[in-house]
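Have a look at the structure below, then the notes.
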Amino acid sequence: MSNQLIDRKKLYYIGNLSIFMIGLGFAVRANIAPDLKTDIYDHLDLANSAAMVGEALGITFTGFALTLLFGSALVDVIGMRRMLLFSALGYVAGAAGLLAAAMVPVGALAETLVLGSLLLTGLGWGAVEAASNPMVASLYPEEKTHRLNVLHAWWPAGIVVGGLLGLAISASGLPWQTNVLILMIPAIIMALLVRGAAFPVTERVASGISYKDMFMEVVKRPLFWLFWGCMFGTAAAELAPGQWVELALSNIVGMQGIILLIYVSSLMFVMRHFAGSIVKRISSIGLMCFSCVCAALGLYTLSLATSPFPAFLAATIWGIGVCYMWPTMLGMVSENFPRGGAVALGLMGFAGGMSIQFVLPYMGRIFDSAKAEAAGGVENLATLSPEAMDEVVRFASVESFQAISVIPLLLLPLFALIWFISRKKSRESETTQATS
C-alpha cells in the first residue's frame, strides 16, 4: 500500500480504540467475575468455585495467546484490516454468548457458553495485539518504545471507563449483564472505521526480509528467549491481580476492588505518556528493574492493607511498578530484534497470555485451599454464617495476592544482569569510538 494513501493519524486513532476496547473488556470481566461465581459457579461446585472462575477468566488469555501466536505470523497474509475486523467480531459474539449464558438454567450448557464466550473475546483481544503492535511499529519506526507505551495507555483508559460504568450499573441496580452490552459498542465503532482505512505493510515486508529470516531472528537469539521467559512473569504481575481484584480485594479492604483498579488504571494512563523521556534517562531495561521492585512491594503491601487509605497507597506503588511492563517489553524486543517483526511481538504476547492462563487458576486454587483451611474443612463451608464466610474469604484473598508478589522479585536479578551487561557494552563502545 502506498504511503501516500495511508493516514498515519487515523490509523493511530484506530489502534488506540482497539486497545481501549480490550481494556474495557478487561474491566468488564473484573466487574462480572463475582456475578459469574455467585450465579453459576457457586451452584456448580461451591468448594472449588473460585478456581473455576479463575479457569474461566484464564481461557480468555488462552484465546489471546493463540491468536497472537498464529495471527502474528500470518498478519502479512491476512492483513491488518481483516485482523481488526475479526477482533471486533470476537467481542460482539463473545458478549452475545455471555448474555445467552445468563438466560439458560445453571448447568453444563451455561458453563460451556461462558467458556466459549470468554474464549471468543480472548481471540478478539489477541487479534488486536497481532495487528496494532506491528502497525504502530511500522508507522513510527523512530520511536517505537514511546509510541507503544502511548498506544497501550489506552488499555488502562478502557479499564477506567469500564470500571466506572460497572460501578454506575451496580449502584443503579441494573443487571450485571448491562456490562456485557457496553462491550459491544467500541467493537462496532472500530469495525466501521477499519472498513474504509488503508493500512501499511509490516516492517518485515517493507524491509524485504523473508519469512525464514524473520523466524531465524528470534530462533537463534538467546536474548530474545530470555525476554520471552521474563514476559511470563511481568504479565502475571500486572494482569493477574487486576483480573482478580474485584473478586478478592473487595474482601481485604472493605471496599469494591474495582475502585482500586480504576485508580491504578488512571495512574497508568497518565504515566505511559511519559515513557519515552524515562527510557532516555535510564534505558528500557533500567525501567524494568525499577518496575519489578515497585510491583513486588506494591502487591505484598496491598495484601496486608485492611482499610481504603493503605490500600490506595499500596495500589499506587503496584501501579507505578506494572505501568510500563507490557509495552516496554514489546518495545525492547522490537528495538533489539527488528528483523523479528510481527512474529517477535506475537511470541511475546503469547507468553503473556499463557502466563495468565496458568496464574489465574493458580490464584483460584490458593484461594480455595486457604478458604477451606480457614473454615476448618471443605465440609464446613456451606454451614458458615455470612460473617464467618466474609472472614474466611478475606483470609483466602490475602493468601492469593501474597503468592503473586514473589514473581517480580524473581525477575529482578535477571533484568539487573541484562542492564549491567548492556551498560558495560555501551561504555566499551563509547571508549572505542573515543580512541579511534
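Ligands are numbered from 1 in the order shown, chains are lettered A, B, ... in the order of the C-alpha cells, and residues start at 1 in each chain.
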Problem - Non-local contacts of A:Ile317 (12 Å; only C-alpha atoms; under 6 positions in same chain excluded) as a PyMOL selection string - result: chain A and resi 263-264+267-268+290-302+310-311+323
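Comparing the minimum interatomic distances between A:Ser303 and each of A:Glu373, A:Glu217, A:Asp45, A:Glu399, counting only C-alpha atoms, we find that A:Glu399 sits nearest.
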Handout entry: Coordinates-based distance that separates atom CA of A:Val180 from atom CA of A:Ala95 (Å, one decimal)
Key =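 Going from atom CA of A:Ala95 over to atom CA of A:Val180, I get 5.5 Å.
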Completion exercise
Residue with the minimum atom-to-atom distance to A:Tyr140, picked from A:Ser334, A:Thr234, A:Asn31, A:Ser172 with only C-alpha atoms counted, is A:Ser334
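A straight line drawn from atom CA of A:Ala73 to atom CA of A:Phe199 is 17.1 Å long.
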Exercise for the section: Please identify all polymer residues within 10 Å of A:Leu5, counting only C-alpha atoms, omitting same-chain residues fewer than 6 positions from it, and present them as a list in words. Expected result: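 Contacts, in chain order: Ala197, Ala198, Phe199 and Pro200 of chain A.
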Could the residues in this selection be written to a file with N, CA and C atoms, as a PDB file, in the first residue's frame?
ATOM      1  N   ALA A 197     -10.292   2.150   5.856  1.00  0.00           N
ATOM      2  CA  ALA A 197      -8.928   2.642   6.080  1.00  0.00           C
ATOM      3  C   ALA A 197      -7.907   1.855   5.266  1.00  0.00           C
ATOM      4  N   ALA A 198      -6.842   2.538   4.860  1.00  0.00           N
ATOM      5  CA  ALA A 198      -5.706   1.881   4.194  1.00  0.00           C
ATOM      6  C   ALA A 198      -4.628   1.622   5.234  1.00  0.00           C
ATOM      7  N   PHE A 199      -4.046   0.424   5.212  1.00  0.00           N
ATOM      8  CA  PHE A 199      -3.083   0.017   6.233  1.00  0.00           C
ATOM      9  C   PHE A 199      -1.700  -0.181   5.624  1.00  0.00           C
ATOM     10  N   PRO A 200      -0.648   0.051   6.425  1.00  0.00           N
ATOM     11  CA  PRO A 200       0.717  -0.149   5.906  1.00  0.00           C
ATOM     12  C   PRO A 200       1.094  -1.624   5.915  1.00  0.00           C
TER      13      PRO A 200
END
Can you list, as a compact mmCIF listing (two decimals) with C-alpha atoms, in the first residue's frame, every protein, DNA or RNA residue that comes within 7 Å of stretch 14-20 of chain A when you count only C-alpha atoms, leaving out same-chain residues fewer than 4 positions away?
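After the write, around.txt holds the following:
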# COMPACT_ATOMS: atom_id res chain seq x y z
CA LYS A 10 -6.27 7.95 11.62
CA LEU A 24 -12.81 -2.17 28.51
CA VAL A 128 -5.96 -6.56 18.30
CA SER A 132 -1.99 -2.94 16.32
CA LEU A 151 -0.75 3.14 22.43
CA HIS A 152 -1.05 0.89 25.45
CA TRP A 154 -5.49 3.31 26.12
CA TRP A 155 -5.61 -0.10 27.80
CA ALA A 157 -8.21 4.12 29.79
CA GLY A 158 -10.59 1.34 28.79
CA MET A 190 -13.97 0.05 15.27
Practice task
Check the smallest atom-to-atom distance from each of A:Val359, A:Ile185, A:Met332, A:Leu261 to A:Trp228 using only C-alpha atoms, then report the winner.
Solution key: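 Result for the nearest residue to A:Trp228: A:Met332.
The list of residues with at least one atom within 10 Å of A:Leu181, based on only C-alpha atoms and without residues fewer than 6 positions apart in the same chain, reads Val28, Val92, Ala95, Ala96, Leu98 and Leu99 of chain A.
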Output all heavy atoms for every residue in that selection, as a CSV table (one decimal), in the first residue's frame.
chain,number,residue,atom,x,y,z
A,28,VAL,N,-14.7,-5.2,32.2
A,28,VAL,CA,-16.0,-5.9,32.2
A,28,VAL,C,-15.8,-7.3,32.9
A,28,VAL,O,-16.7,-7.7,33.7
A,28,VAL,CB,-16.6,-6.0,30.8
A,28,VAL,CG1,-17.7,-7.0,30.8
A,28,VAL,CG2,-17.0,-4.7,30.3
A,92,VAL,N,-18.1,-8.9,19.8
A,92,VAL,CA,-19.5,-8.9,19.7
A,92,VAL,C,-20.1,-10.3,20.0
A,92,VAL,O,-21.1,-10.5,20.7
A,92,VAL,CB,-20.0,-8.4,18.3
A,92,VAL,CG1,-21.5,-8.5,18.1
A,92,VAL,CG2,-19.6,-6.9,18.2
A,95,ALA,N,-19.7,-11.3,23.7
A,95,ALA,CA,-20.7,-10.6,24.5
A,95,ALA,C,-22.1,-11.3,24.4
A,95,ALA,O,-22.8,-11.5,25.4
A,95,ALA,CB,-20.7,-9.1,24.2
A,96,ALA,N,-22.4,-11.6,23.2
A,96,ALA,CA,-23.7,-12.2,23.0
A,96,ALA,C,-23.8,-13.6,23.7
A,96,ALA,O,-24.8,-14.0,24.2
A,96,ALA,CB,-24.0,-12.4,21.5
A,98,LEU,N,-22.2,-14.5,26.4
A,98,LEU,CA,-22.3,-14.3,27.9
A,98,LEU,C,-23.8,-14.0,28.2
A,98,LEU,O,-24.3,-14.4,29.3
A,98,LEU,CB,-21.4,-13.2,28.3
A,98,LEU,CG,-19.9,-13.6,28.4
A,98,LEU,CD1,-19.1,-12.3,28.7
A,98,LEU,CD2,-19.7,-14.6,29.5
A,99,LEU,N,-24.4,-13.2,27.4
A,99,LEU,CA,-25.8,-12.9,27.6
A,99,LEU,C,-26.7,-14.1,27.6
A,99,LEU,O,-27.6,-14.3,28.4
A,99,LEU,CB,-26.3,-11.8,26.6
A,99,LEU,CG,-25.7,-10.4,26.7
A,99,LEU,CD1,-26.2,-9.6,25.5
A,99,LEU,CD2,-26.1,-9.8,28.0
Exercise for the section: Check the smallest atom-to-atom distance from each of A:Leu57, A:Ala88, A:Leu313, A:Ala240 to A:Trp125 using only C-alpha atoms, then report the winner. Expected result: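 Nearest to A:Trp125: A:Ala88.
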Exercise for the section: Find the spatial neighbours of A:Met216, counting only C-alpha atoms, within a cut-off of 9 Å - ignore same-chain residues fewer than 4 positions away - and output them as a list in words. Expected result: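 Within the cut-off, the hits are Tyr211, Lys212, Lys220, Arg221, Arg339 and Gly340 of chain A.
Among the candidates A:Gly376, A:Gly321, A:Pro386, A:Gly364, the residue lying nearest to A:Glu55 is A:Gly364 (atoms considered: only C-alpha atoms).
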Practice task
Using backbone DSSP assignments, extract all alpha helix (DSSP H) residues from stretch 324-411 of chain A; output them as a PyMOL selection string.
Solution key: chain A and resi 325-336+341-375+386-411
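Take atom CA of A:Arg204 and atom CA of A:Ser277: the distance between them is 27.4 Å.
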Exercise for the section: Write out as a list in words each polymer residue whose atoms come within 12 Å of A:Ala47, counting only C-alpha atoms; drop sequence neighbours fewer than 6 positions from it. Expected result: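 Counting only the stated atoms, we get Lys37, Tyr41, Val53, Gly364, Arg365, Phe367, Asp368, Ser369, Ala370, Lys371, Ala372, Glu373, Ala375, Gly377, Val378, Glu379, Asn380, Leu381, Ala382 and Val393 of chain A.
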Problem - A:Met135, A:Met103, A:Ile407, A:Ala235 ranked by distance to A:Arg147, top pick (using only C-alpha atoms) - result: A:Met135
